[in-house]
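All remarks here apply to the structure that follows.
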Amino acid sequence: MGYTFMAPAKILSGKNVIEELGEHIASKGKKALIVTDAAMVKFGNVKKVEAALQKAGIGYAIFAEANTEPTDTIVEAGVAAYEREGCDFLIALGGGSPMDAAKAIAFMSRAEGEIADYMHVSIDMEVPYLVAIPTTAGTGSEVTKNTIISDTKNNVKMLLGGPSIIPALALVDPTFTMTAPPKVTAATGIDALCHAIEAYTSRKAQPMTDTFALSAIEKIHKNLPLCYADGANVEARLAMSIAATEAGLAFNNASVTIVHGMSRPIGALFHIAHGVSNAILLPACMKFAIEENTERFAKIACLMGVADEKTPIKEAAEAFVAEVSRFCKAAGIPTLGKLGVKKEDFFAQLSKMASDALESGSPQNTMRIPTKDDLIAIYRELY
Ligand SMILES: [Fe+2]
């Protein structure tokens, strides 16, 4: 069976490319709905988008209500704003939440029924033109076919997706990431590292995703510490922005594996930021996964400079696992205890978290497929 690789029709990247936005969308619509959050308005990032649209004579309305992880009610309000304002395309500006909200608003502006009806179908109807502008170097949502929307009636996080919600244009401008504080830079950067490592070591990996995943791993390993130490380092910020997009392209087509699978239940039950729970899990998950994937782990070790071609494969793979552990510690990733999660509360949820993780299907993409007991043992190791 052949491989499918899906990506946006256009990816525009570089420092200050926001100024070129108008020329790329002049023929795409007359009035944009800018889907964003209050912080983006406060930091002046929305102003930069407004300036680009004004220069091109394109109208717009601002929907700055994607302030939390998006819910069905936020999406309904966004669709209402899109219709009320007479918009004909959308621009998402922000981290994962505004981008996920905009994807859902785009397809729900055309879809019949409720958003929950689309939970287990591939969304492939024609949707309005969608531009995605990430302001963190992390989620990769600007190039992916998925969106996570909370169903507020049933208290479920719905994973929705399909080819039509891949943004048509991803605009990757590192200047938007400059205001991110070190903690956010670290958590989002390690999220991107997880995307790349998981895609490269996934059962669904393919030659095209390997290329993007390896390139992302090398860039993140080199540049995340530089961004963490000095947020004003433009070159390092640019490399991180490109790397996060590359990692997004990789996992969009090769899937994530054990780390993301185990991370979602921690996030849902203990309200820990996505990147942080990934980073907490990464070393223990890699230690588990090493057995069935030593060659690929060894290859990453060489990229990270902790082994070379002469190092025995098993030794190199172990060096990779040790290096991710050191890397997460150096990025100041806290422990569950430091985040205020009580051991007894966490241990009381072990069975549920392991079941929910398996239910998502992601852990099964790992070369060494974990059982429920394996997942419980890994969760225990986090304390
Ligand atoms: Fe992620």
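Every chain in the structure tokens has a letter given in the order shown (A, B, ...), and although residue numbers restart at 1 in each chain, ligands are simply numbered from 1 in the order shown.
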Residues of range 26-207 of chain A classed as strand (DSSP E or B) by DSSP on the backbone are to be reported as a ChimeraX atom specification. /A:31-35,59-63,71,89-94,122,129-134,146-151,156-161,169-172,202
Notebook entry, point to check: Which of range 182-372 of chain A counts as helix (DSSP H, G or I) under DSSP, as a PyMOL selection string please?
Noted result: chain A and resi 182-200+207-229+234-254+258-270+274-292+294-303+313-330+343-348+350-360+363-365+372
Let me see if you get this right: every residue at most 8 Å from ligand 1, counting only C-alpha atoms and all ligand atoms, written as a ChimeraX atom specification. /A:138-140,191-192,194-195,260,274-275,278
Kindly save the residues from that selection, with C-alpha atoms included, as an mmCIF file, in the first residue's frame.
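again.cif, freshly written:
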data_model
loop_
_atom_site.group_PDB
_atom_site.id
_atom_site.type_symbol
_atom_site.label_atom_id
_atom_site.label_comp_id
_atom_site.auth_asym_id
_atom_site.auth_seq_id
_atom_site.Cartn_x
_atom_site.Cartn_y
_atom_site.Cartn_z
ATOM 1 C CA GLY A 138 4.939 24.024 19.262
ATOM 2 C CA THR A 139 1.569 22.612 18.256
ATOM 3 C CA GLY A 140 2.080 22.409 14.499
ATOM 4 C CA ASP A 191 5.688 19.338 22.547
ATOM 5 C CA ALA A 192 7.148 19.844 19.050
ATOM 6 C CA CYS A 194 7.603 14.873 20.994
ATOM 7 C CA HIS A 195 5.709 15.263 17.695
ATOM 8 C CA HIS A 260 0.707 11.908 23.366
ATOM 9 C CA HIS A 274 -0.175 19.785 27.093
ATOM 10 C CA GLY A 275 3.527 20.464 26.497
ATOM 11 C CA ASN A 278 4.353 15.467 27.331
#
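Taking only C-alpha atoms into account, Gly189 in chain A lies nearest to A:Lys222 out of the set A:Arg84, A:Lys222, A:Lys157, A:Lys28.
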Find the residues of range 77-179 of chain A that sit at most 12 Å from range 56-60 of chain A; for each, write down the nearest two atoms and how far apart they are in Å, to one decimal. Count only C-alpha atoms. Sort by chain, then by number going up, and give it as CSV.
residue,atom,partner,partner_atom,distance
A:Ala81,CA,A:Tyr60,CA,11.3
A:Tyr82,CA,A:Tyr60,CA,10.0
A:Glu85,CA,A:Tyr60,CA,8.5
A:Gly86,CA,A:Tyr60,CA,9.5
A:Cys87,CA,A:Tyr60,CA,7.4
A:Asp88,CA,A:Tyr60,CA,9.6
A:Phe89,CA,A:Tyr60,CA,9.3
A:Leu90,CA,A:Tyr60,CA,9.0
A:Ile91,CA,A:Tyr60,CA,9.4
Write a file of the selected residues as an mmCIF file, in the first residue's frame, keeping N, CA and C atoms.
data_model
loop_
_atom_site.group_PDB
_atom_site.id
_atom_site.type_symbol
_atom_site.label_atom_id
_atom_site.label_comp_id
_atom_site.auth_asym_id
_atom_site.auth_seq_id
_atom_site.Cartn_x
_atom_site.Cartn_y
_atom_site.Cartn_z
ATOM 1 N N ALA A 81 -20.613 34.811 14.529
ATOM 2 C CA ALA A 81 -19.874 36.043 14.191
ATOM 3 C C ALA A 81 -19.505 36.046 12.707
ATOM 4 N N TYR A 82 -19.075 34.896 12.197
ATOM 5 C CA TYR A 82 -18.685 34.764 10.777
ATOM 6 C C TYR A 82 -19.866 35.142 9.872
ATOM 7 N N GLU A 85 -21.103 38.988 10.418
ATOM 8 C CA GLU A 85 -20.185 39.969 9.838
ATOM 9 C C GLU A 85 -20.040 39.839 8.328
ATOM 10 N N GLY A 86 -20.669 38.831 7.748
ATOM 11 C CA GLY A 86 -20.590 38.628 6.295
ATOM 12 C C GLY A 86 -19.179 38.287 5.825
ATOM 13 N N CYS A 87 -18.463 37.477 6.612
ATOM 14 C CA CYS A 87 -17.088 37.100 6.238
ATOM 15 C C CYS A 87 -17.111 36.013 5.168
ATOM 16 N N ASP A 88 -16.017 35.918 4.391
ATOM 17 C CA ASP A 88 -15.946 34.829 3.408
ATOM 18 C C ASP A 88 -14.658 34.031 3.506
ATOM 19 N N PHE A 89 -13.804 34.313 4.492
ATOM 20 C CA PHE A 89 -12.673 33.433 4.811
ATOM 21 C C PHE A 89 -12.213 33.700 6.243
ATOM 22 N N LEU A 90 -11.244 32.891 6.723
ATOM 23 C CA LEU A 90 -10.836 33.006 8.132
ATOM 24 C C LEU A 90 -9.315 33.084 8.283
ATOM 25 N N ILE A 91 -8.897 33.809 9.329
ATOM 26 C CA ILE A 91 -7.473 33.848 9.684
ATOM 27 C C ILE A 91 -7.366 33.488 11.165
#
For this session: Tell me, as a VMD selection string, which residues lie within 10 Å of Pro225 in chain A, counting only C-alpha atoms; anything in the same chain fewer than 6 positions away does not count.
Result: chain A and resid 182 185 to 186 189 231 236 327 330 to 331
With N, CA and C atoms kept, could you save the residues just selected as a tab-separated table (two decimals), in the first residue's frame?
chain	number	residue	atom	x	y	z
A	182	PRO	N	10.06	32.06	28.97
A	182	PRO	CA	10.84	30.81	28.91
A	182	PRO	C	10.02	29.55	29.19
A	185	THR	N	7.97	28.76	26.18
A	185	THR	CA	8.90	28.37	25.11
A	185	THR	C	9.33	26.92	25.30
A	186	ALA	N	9.67	26.56	26.56
A	186	ALA	CA	10.14	25.21	26.84
A	186	ALA	C	9.04	24.17	26.62
A	189	GLY	N	8.04	23.94	22.94
A	189	GLY	CA	9.17	23.40	22.17
A	189	GLY	C	9.30	21.89	22.38
A	231	GLY	N	15.21	34.78	24.83
A	231	GLY	CA	14.01	34.82	23.98
A	231	GLY	C	14.12	35.76	22.80
A	236	ALA	N	17.44	31.70	16.39
A	236	ALA	CA	17.02	30.49	17.09
A	236	ALA	C	15.49	30.38	17.08
A	327	PHE	N	17.71	16.76	28.67
A	327	PHE	CA	17.20	17.90	27.90
A	327	PHE	C	15.95	18.50	28.58
A	330	ALA	N	16.96	20.28	31.80
A	330	ALA	CA	17.63	21.55	31.51
A	330	ALA	C	16.62	22.62	31.09
A	331	ALA	N	15.48	22.20	30.52
A	331	ALA	CA	14.46	23.16	30.09
A	331	ALA	C	13.52	23.52	31.25
- Task: Find the residues near Pro265 in chain A: any atom within 8 Å, counting only C-alpha atoms, skip ones fewer than 5 places away on the same chain, and give them as a PyMOL selection string.
- Result: chain A and resi 353+356-357
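The space separating CA of Ala9 in chain A from CA of Ser27 in chain A comes to 14.8 Å.
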